Each structure stands twice: as C-alpha cells, then as structure tokens.
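Shown next: structure-v3.cif, containing mmCIF, C-alpha atoms and all ligand atoms.
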```
data_run
loop_
_atom_site.label_atom_id
_atom_site.label_comp_id
_atom_site.auth_asym_id
_atom_site.auth_seq_id
_atom_site.Cartn_x
_atom_site.Cartn_y
_atom_site.Cartn_z
CA MET A 1 -22.17 -7.62 -2.14
CA SER A 2 -22.04 -11.19 -3.44
CA TRP A 3 -19.35 -13.83 -3.41
CA GLY A 4 -18.90 -13.56 -7.18
CA LEU A 5 -18.54 -9.80 -7.05
CA ASP A 6 -16.08 -9.95 -4.14
CA ASN A 7 -14.12 -12.70 -5.88
CA ARG A 8 -13.83 -10.64 -9.06
CA LEU A 9 -12.82 -7.55 -7.09
CA SER A 10 -10.10 -9.61 -5.42
CA ARG A 11 -8.68 -10.44 -8.84
CA ILE A 12 -8.49 -6.75 -9.67
CA PHE A 13 -7.20 -5.52 -6.30
CA GLN A 14 -4.45 -7.74 -4.92
CA PRO A 15 -5.64 -9.22 -1.62
CA SER A 16 -2.15 -8.74 -0.08
CA ASN A 17 -2.44 -4.95 0.00
CA GLY A 18 -5.78 -4.11 -1.61
CA ARG A 19 -4.06 -2.29 -4.48
CA THR A 20 -3.99 -2.65 -8.23
CA LEU A 21 -1.81 -1.79 -11.16
CA MET A 22 -4.24 -1.75 -14.04
CA LEU A 23 -2.82 -1.34 -17.53
CA ALA A 24 -5.20 0.77 -19.67
CA VAL A 25 -4.97 -0.03 -23.38
CA ASP A 26 -8.54 0.72 -24.43
CA HIS A 27 -7.77 4.11 -26.02
CA GLY A 28 -8.40 2.86 -29.56
CA TYR A 29 -12.12 2.65 -28.87
CA PHE A 30 -12.39 6.36 -29.70
CA GLN A 31 -8.85 7.35 -30.73
CA GLY A 32 -8.12 4.63 -33.29
CA PRO A 33 -4.47 3.54 -33.61
CA THR A 34 -3.15 5.95 -31.02
CA SER A 35 0.56 6.51 -30.55
CA GLY A 36 2.22 3.59 -28.78
CA LEU A 37 -0.72 1.25 -29.44
CA GLU A 38 -0.52 1.13 -33.24
CA VAL A 39 0.11 -2.61 -33.11
CA PRO A 40 -1.76 -3.58 -29.96
CA LYS A 41 -0.29 -7.04 -29.48
CA ASP A 42 3.30 -5.81 -29.70
CA ALA A 43 2.59 -3.08 -27.17
CA ILE A 44 0.61 -5.19 -24.71
CA THR A 45 2.47 -8.53 -24.60
CA PRO A 46 5.73 -7.41 -22.92
CA LEU A 47 3.78 -5.41 -20.32
CA LEU A 48 1.35 -8.12 -19.24
CA PRO A 49 3.64 -9.88 -16.73
CA TYR A 50 3.83 -6.68 -14.67
CA ALA A 51 0.14 -5.68 -14.69
CA ASP A 52 -2.46 -6.90 -12.18
CA THR A 53 -5.34 -6.19 -14.54
CA LEU A 54 -5.83 -5.25 -18.18
CA MET A 55 -8.37 -2.63 -19.27
CA VAL A 56 -9.19 -3.37 -22.88
CA THR A 57 -11.99 -3.64 -25.45
CA ARG A 58 -13.34 -6.98 -26.60
CA GLY A 59 -11.91 -6.64 -30.10
CA VAL A 60 -8.34 -6.21 -28.93
CA LEU A 61 -8.81 -8.80 -26.20
CA ARG A 62 -9.96 -11.44 -28.67
CA ARG A 63 -7.28 -10.76 -31.28
CA CYS A 64 -4.26 -9.63 -29.29
CA VAL A 65 -4.27 -11.27 -25.85
CA ASP A 66 -3.44 -14.94 -25.41
CA PRO A 67 -6.48 -16.69 -23.87
CA ASN A 68 -4.03 -18.78 -21.81
CA SER A 69 -3.02 -15.58 -20.08
CA LYS A 70 -4.05 -15.40 -16.45
CA ILE A 71 -4.46 -11.62 -16.54
CA PRO A 72 -7.80 -10.43 -15.10
CA VAL A 73 -9.66 -8.23 -17.56
CA VAL A 74 -11.71 -5.08 -17.05
CA LEU A 75 -13.60 -4.80 -20.29
CA ARG A 76 -14.41 -1.40 -21.79
CA VAL A 77 -18.11 -1.62 -22.69
CA SER A 78 -18.98 1.98 -23.55
CA GLY A 79 -18.28 3.89 -26.75
CA GLY A 80 -19.96 4.66 -30.04
CA THR A 81 -18.18 7.92 -30.79
CA SER A 82 -14.77 9.06 -32.01
CA ILE A 83 -12.34 11.94 -31.57
CA LEU A 84 -14.03 13.51 -34.62
CA LYS A 85 -17.36 13.95 -32.83
CA GLU A 86 -18.85 14.85 -29.46
CA LEU A 87 -17.14 12.38 -27.12
CA SER A 88 -19.83 12.33 -24.50
CA ASN A 89 -22.40 10.83 -26.87
CA GLU A 90 -21.65 7.30 -25.69
CA GLY A 91 -23.78 4.20 -25.45
CA LEU A 92 -23.13 0.63 -24.37
CA THR A 93 -21.12 -1.29 -26.95
CA THR A 94 -20.92 -4.78 -25.46
CA SER A 95 -23.60 -7.04 -24.01
CA ILE A 96 -23.38 -8.60 -20.58
CA GLU A 97 -23.47 -12.04 -22.25
CA ASP A 98 -20.32 -11.26 -24.20
CA ALA A 99 -18.61 -9.89 -21.11
CA ILE A 100 -19.40 -13.13 -19.29
CA ARG A 101 -18.30 -15.21 -22.29
CA LEU A 102 -14.98 -13.36 -22.19
CA ASN A 103 -14.68 -14.26 -18.50
CA VAL A 104 -14.06 -10.71 -17.40
CA SER A 105 -13.38 -9.58 -13.85
CA GLY A 106 -15.07 -6.22 -14.39
CA VAL A 107 -16.47 -3.84 -16.96
CA ALA A 108 -15.67 -0.16 -17.57
CA ILE A 109 -17.84 2.68 -18.77
CA SER A 110 -17.29 6.43 -19.10
CA ILE A 111 -19.47 9.13 -17.63
CA PHE A 112 -19.19 12.73 -18.83
CA VAL A 113 -20.37 15.12 -16.14
CA GLY A 114 -20.92 18.66 -17.37
CA SER A 115 -20.93 17.53 -21.02
CA GLU A 116 -23.66 17.63 -23.60
CA TYR A 117 -24.71 14.02 -23.02
CA GLU A 118 -24.22 13.96 -19.26
CA ARG A 119 -27.68 12.48 -18.55
CA GLN A 120 -27.31 9.75 -21.17
CA THR A 121 -23.95 8.63 -19.80
CA LEU A 122 -25.19 8.63 -16.20
CA LEU A 123 -28.19 6.54 -17.20
CA ASN A 124 -25.85 4.21 -19.12
CA LEU A 125 -23.96 3.73 -15.87
CA SER A 126 -27.06 3.02 -13.82
CA LYS A 127 -28.32 0.52 -16.39
CA LEU A 128 -24.95 -1.21 -16.49
CA VAL A 129 -24.76 -1.41 -12.67
CA ASP A 130 -28.25 -2.96 -12.55
CA THR A 131 -27.29 -5.55 -15.16
CA CYS A 132 -23.89 -6.34 -13.67
CA GLU A 133 -25.25 -6.68 -10.12
CA ARG A 134 -27.31 -9.61 -11.43
CA TYR A 135 -24.14 -11.45 -12.40
CA GLY A 136 -21.70 -10.27 -9.72
CA ILE A 137 -19.57 -8.24 -12.11
CA PRO A 138 -17.97 -5.03 -10.79
CA VAL A 139 -18.44 -1.82 -12.77
CA LEU A 140 -15.64 0.70 -13.10
CA ALA A 141 -16.82 4.24 -13.89
CA VAL A 142 -14.33 6.37 -15.79
CA THR A 143 -14.94 10.02 -14.95
CA ALA A 144 -14.66 12.82 -17.47
CA VAL A 145 -15.68 16.43 -17.01
CA GLY A 146 -16.86 18.96 -19.60
CA ARG A 147 -14.27 20.45 -21.95
CA ASP A 148 -14.28 23.88 -20.28
CA MET A 149 -14.04 22.51 -16.74
CA ASN A 150 -10.79 22.13 -14.88
CA ARG A 151 -9.84 18.68 -13.74
CA ASP A 152 -9.79 19.90 -10.15
CA ALA A 153 -11.21 18.60 -6.89
CA ARG A 154 -14.41 20.60 -7.33
CA TYR A 155 -15.46 18.95 -10.58
CA LEU A 156 -13.78 15.59 -10.12
CA SER A 157 -15.36 15.11 -6.70
CA LEU A 158 -18.74 15.93 -8.24
CA CYS A 159 -18.16 13.30 -10.88
CA CYS A 160 -16.77 10.66 -8.53
CA ARG A 161 -19.53 11.12 -6.00
CA ILE A 162 -22.24 10.84 -8.65
CA ALA A 163 -20.64 7.63 -9.95
CA THR A 164 -20.52 6.30 -6.40
CA GLU A 165 -24.13 7.20 -5.70
CA ILE A 166 -25.28 5.46 -8.89
CA GLY A 167 -23.52 2.33 -7.72
CA ALA A 168 -20.15 2.04 -9.48
CA HIS A 169 -17.93 -0.45 -7.66
CA ILE A 170 -14.69 1.28 -8.70
CA VAL A 171 -14.18 4.86 -9.84
CA LYS A 172 -11.38 6.03 -12.07
CA THR A 173 -10.42 9.67 -12.03
CA TYR A 174 -7.47 12.06 -12.31
CA TYR A 175 -5.05 13.10 -9.61
CA CYS A 176 -5.35 16.74 -8.55
CA GLU A 177 -4.69 19.04 -5.62
CA ASN A 178 -6.83 18.09 -2.59
CA PHE A 179 -7.24 14.59 -4.00
CA ASP A 180 -7.81 13.27 -0.47
CA LYS A 181 -11.13 15.17 -0.42
CA ILE A 182 -12.28 13.25 -3.50
CA VAL A 183 -11.33 9.97 -1.84
CA LYS A 184 -13.16 10.84 1.39
CA SER A 185 -16.34 11.97 -0.32
CA SER A 186 -16.56 8.95 -2.68
CA PRO A 187 -16.63 5.81 -0.55
CA VAL A 188 -15.57 3.31 -3.24
CA PRO A 189 -12.11 2.21 -4.40
CA ILE A 190 -10.59 5.00 -6.47
CA VAL A 191 -7.93 4.46 -9.13
CA ILE A 192 -6.22 7.15 -11.15
CA ALA A 193 -5.61 7.56 -14.85
CA GLY A 194 -2.16 8.76 -15.84
CA GLY A 195 -3.45 11.25 -18.38
CA LYS A 196 -1.38 12.66 -21.25
CA LYS A 197 2.23 11.55 -21.53
CA ILE A 198 4.49 13.49 -19.19
CA PRO A 199 8.13 12.90 -18.24
CA GLU A 200 8.63 9.60 -16.41
CA LYS A 201 9.65 11.17 -13.09
CA ALA A 202 6.51 13.34 -13.11
CA ALA A 203 4.32 10.31 -13.85
CA LEU A 204 5.94 8.40 -10.99
CA ASP A 205 5.33 11.37 -8.68
CA LEU A 206 1.70 11.35 -9.78
CA ALA A 207 1.29 7.65 -8.97
CA TYR A 208 3.06 8.02 -5.62
CA ASN A 209 1.03 11.07 -4.56
CA ALA A 210 -2.27 9.48 -5.57
CA LEU A 211 -1.59 6.36 -3.50
CA ARG A 212 -0.38 8.45 -0.59
CA ASP A 213 -3.61 10.45 -0.75
CA GLY A 214 -5.87 7.40 -0.74
CA ALA A 215 -6.12 5.95 -4.27
CA LEU A 216 -6.09 2.14 -4.28
CA GLY A 217 -4.22 1.92 -7.52
CA VAL A 218 -3.47 3.26 -10.92
CA ASP A 219 -5.17 2.51 -14.22
CA MET A 220 -2.39 3.89 -16.36
CA GLY A 221 -2.01 3.85 -20.11
CA ARG A 222 -0.12 6.51 -22.07
CA ASN A 223 2.50 7.15 -19.43
CA ILE A 224 3.43 3.50 -19.75
CA PHE A 225 2.97 2.49 -23.39
CA GLN A 226 4.10 5.87 -24.80
CA SER A 227 7.30 5.81 -22.77
CA LYS A 228 10.41 5.03 -24.77
CA TYR A 229 10.97 2.34 -22.14
CA PRO A 230 7.51 0.92 -21.40
CA VAL A 231 8.70 -2.18 -19.53
CA ALA A 232 11.00 -0.15 -17.31
CA MET A 233 8.14 2.25 -16.69
CA ILE A 234 5.51 -0.31 -15.74
CA ARG A 235 7.99 -2.05 -13.43
CA SER A 236 8.77 1.26 -11.75
CA VAL A 237 5.08 2.09 -11.30
CA ARG A 238 4.69 -1.41 -9.87
CA ALA A 239 7.39 -0.71 -7.29
CA ILE A 240 5.30 2.23 -6.06
CA VAL A 241 2.01 0.33 -6.04
CA HIS A 242 3.23 -2.93 -4.52
CA GLU A 243 6.61 -2.37 -2.93
CA ASN A 244 5.97 0.95 -1.22
CA ALA A 245 8.75 2.61 -3.21
CA THR A 246 8.89 6.39 -3.17
CA SER A 247 8.79 8.08 -6.56
CA LYS A 248 12.47 8.90 -6.13
CA GLU A 249 13.31 5.23 -5.56
CA ALA A 250 11.08 4.22 -8.46
CA PHE A 251 12.86 6.68 -10.74
CA VAL A 252 16.25 5.23 -9.77
CA LEU A 253 14.82 1.82 -10.67
CA PHE A 254 13.47 3.20 -13.97
CA ASN A 255 16.90 4.49 -14.95
CA LYS A 256 18.48 1.15 -14.12
CA LEU A 257 15.86 -0.85 -16.02
CA ARG A 258 15.78 1.43 -19.03
CA ARG A 259 19.47 0.81 -19.67
CA LYS A 260 18.75 -2.92 -19.77
CA GLU A 261 15.66 -2.42 -21.98
CA LYS A 262 17.71 -0.36 -24.40
CA ASP A 263 20.36 -3.07 -24.64
CA SER A 264 17.92 -5.95 -25.08
C1 LIG A 301 -10.13 6.66 -21.83
C2 LIG A 301 -9.76 5.73 -20.77
C3 LIG A 301 -8.41 5.30 -20.78
O1 LIG A 301 -8.28 3.95 -20.58
C4 LIG A 301 -7.68 5.93 -19.66
O2 LIG A 301 -8.27 7.04 -19.08
C5 LIG A 301 -6.43 6.29 -20.13
O3 LIG A 301 -5.46 6.13 -19.22
P1 LIG A 301 -4.30 7.15 -19.37
O4 LIG A 301 -4.91 8.50 -19.12
O5 LIG A 301 -3.37 6.75 -18.26
O6 LIG A 301 -3.71 7.01 -20.74
O7 LIG A 301 -10.50 5.33 -19.94
O8 LIG A 301 -11.32 7.24 -21.56
#
```

What does this structure look like when you write it as structure tokens?
Amino acid sequence: MSWGLDNRLSRIFQPSNGRTLMLAVDHGYFQGPTSGLEVPKDAITPLLPYADTLMVTRGVLRRCVDPNSKIPVVLRVSGGTSILKELSNEGLTTSIEDAIRLNVSGVAISIFVGSEYERQTLLNLSKLVDTCERYGIPVLAVTAVGRDMNRDARYLSLCCRIATEIGAHIVKTYYCENFDKIVKSSPVPIVIAGGKKIPEKAALDLAYNALRDGALGVDMGRNIFQSKYPVAMIRSVRAIVHENATSKEAFVLFNKLRRKEKDS
C-alpha cells in the first residue's frame, strides 16, 4: 500500500466507520439514457449532498458535475459495448492520464466471470491494477456472472475471489444468501450493487443485510435514482450506512422524507 492509495481509499470509505455510500450513475455507458438518468445532471445534483462517492463515466462527470463539488469520484473506465451486443466484450475506455487529470479517487472496471469474454475482462483488470498501482489509485472491480448463472454465493464468491487475487482494491457484487461467505473468502472491502429497482423497503432490507453480513458499503444506483422519491431514498440508505439504522427505522424515515419531497 502507498500513502496516495490509502489517502484515496479514505476519501471513498469514511474514516469514522470505514463505510461508504457510493452513488452509481454510470449505467449509461452501456444502457444509454436509462430510466431515471435521462437527464443526468437533473438526476445527480440533488443526490450529491448525501453520497460519499460518485461512480460515473468521464463524459457525464465533465458535463454534469460541478468541478467545485467536493464529491470523491470513482471513474468507470471499462466499456466498449452496449445492451445490443455481448456485454462481456469490454475493453478499457479511459486512460490513466485522464483519470488523474479528473482527480479521481478510484477507477471501476467490470469483470464477467463465466461469460464469453471472461479472459479478456480478467486481463483488463490485471492490466488496470498494474497501471493504477503506479499512481496510487484504487481499482474497484464490478463483478458480473454469465447469463445462465445464478447470482448466488457459489458464483459470486468465485468472481469476488478472482478479482481479489488479481489485485482489485475494492470489489462490488450483489447481495445473496450466505453473503458472509463471500466476504470471508475475499479479503478486500466489498460493496454491494442494488440491482434492478425493487420496492423501497426491500432495497433498504438489502442494504441493511449486506452491511450486517460484512459489506463495507453500498454502491447503489437504480434503487435510488429510479425511486419516485430519490432524495428520500438516498437519505434513508445513508441512515443505514452511517447511522446504524435498521431497515425498519430507515423505512420510517423514508416515509417521512418522501412526504416532504412530494410537497417541495
Ligand atoms: C453496471 C454498474 C452499475 O454502476 C451498478 O452495478 C449499478 O448499480 P445498481 O445495480 O444499484 O443500479 O456497475 O455494471
């Protein structure tokens, strides 16, 4: 580890409790103007005060996020495919020089274990880790499994462990039964994606259970920006991540805040 790397990690994970609430808004890199993010600036701006970190591509960062903002950025640097094609056929889309120029706190890349281009994406990760180690920039590996594989502990732990072995500094995965086994077998900070939009109480349960079972944070997108009440939702997730709220308490808070959001 180096001072620069540790310093960047401490911007992502709050030193007070070692946790993070990362707001994922990078979906457009393969989904285009996805629901809730059609106008990125309008979706992102009201949420920023409640996020610890923003996961975003360079295009949206440059055009839609105020450079005076103090938000630490985890920059999505993999892509090259779209929902119309084989998703696993990714390459690196952003140079290390541009990531440094954008003053990022970390970079993110997907790996697709069990997919057609598994090897390519794993080698992308190893190349990125080698490059980023030179500059003290943490790499977040986003895990995806093949289309016909369940997102269960068997496949997700395979994915997370491989990402850990290759040298990812943070691993993002999905919550599942026996999640604690994934955490134990992948000795790096684990954060969870929210996945497809589900009812708010279910998403809060997911966040609570993941943290209880050893995740160090959430990197949540659709369950925040696709909520009818995104500000109420991110503030409620925040209560779980940083105020030790139970999901029941967070849902009470959500209902209180959503009334205010509706009126404003
Ligand atoms: C896509 C990503 C997204 O940022 C992330 O997984 C989405 O988060 P969510 O599932 O909570 O919408 O990495 O590959």

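Pairwise distance (CA of Ala153 in chain A, CA of Glu177 in chain A) equals 6.7 Å.
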
| request: Figure out the distance between CA of Pro189 in chain A and CA of Ser69 in chain A, please, to one decimal in Å. | output: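 Taking CA of Ser69 in chain A and CA of Pro189 in chain A, their separation equals 25.4 Å.
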
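Closest approach to ligand LIG 301 (chain A) among A:His169, A:Arg19, A:Lys196, A:Arg212 is made by A:Lys196 (distances from all atoms listed in the file).
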
| Nearby residues, (5.6, -3.8, -5.0) file frame, 12 Å, all atoms listed in the file, as a ChimeraX atom specification | /A:14,16-21,50-52,217,234-246,249-250

| request: Extract, using all atoms listed in the file, all DNA, RNA and protein residues at most 9 Å from range 142-146 of chain A, discarding same-chain residues fewer than 5 positions from it, and format them as a list in words. | output: Ser88, Ala108, Ile109, Ser110, Ile111, Phe112, Val113, Gly114, Ser115, Glu116, Glu118, Arg151, Tyr155, Leu156, Cys159, Cys160, Ala163, Ile170, Val171, Lys172, Thr173, Tyr174 and Ala193 of chain A

| message | Restricting the calculation to all atoms listed in the file: of A:Leu253, A:Cys132, A:Cys176, A:Leu140, which residue gets closest to ligand LIG 301 (chain A)? | response |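 Going through A:Leu253, A:Cys132, A:Cys176, A:Leu140 one by one, the smallest distance to ligand LIG 301 (chain A) is for A:Leu140.
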
| task | Would you list the residues that come within 7 Å of ligand LIG 301 (chain A)? Count all atoms listed in the file and give the answer as a PyMOL selection string. | result | chain A and resi 24-27+55+110+142+193-196+219-223

| said: If we count all atoms listed in the file and set the cut-off at 10 Å, which residues sit around Asn103 in chain A, ignoring sequence neighbours fewer than 5 positions away in its own chain? Please answer as a list in words. | reply: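 Residues meeting the cut-off are Pro72, Val73, Val74, Leu75, Glu97 and Asp98 of chain A.
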
| request: Can you work out the spacing between CA of Gly79 in chain A and CA of Pro49 in chain A in Å, to one decimal? | output: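 CA of Gly79 in chain A sits 27.8 Å away from CA of Pro49 in chain A.
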
Taking all atoms of range 129-137 of chain A that the file lists and extending 4 Å past them on each side, where is the centre of the axis-aligned box and how long are its edges? Answer in Å to one decimal, as JSON.
```
{"center_x": -23.9, "center_y": -6.4, "center_z": -12.4, "size_x": 16.7, "size_y": 18.0, "size_z": 13.4}
```

| remark: If you count all atoms listed in the file, the residue of A:Lys201, A:Arg63, A:Arg76, A:Arg8 closest to Val107 in chain A turns out to be A:Arg76

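Using all atoms listed in the file, the shortest contact distance between Leu48 in chain A and any of A:Arg147, A:Arg161, A:Lys85, A:Lys70 is found at A:Lys70.
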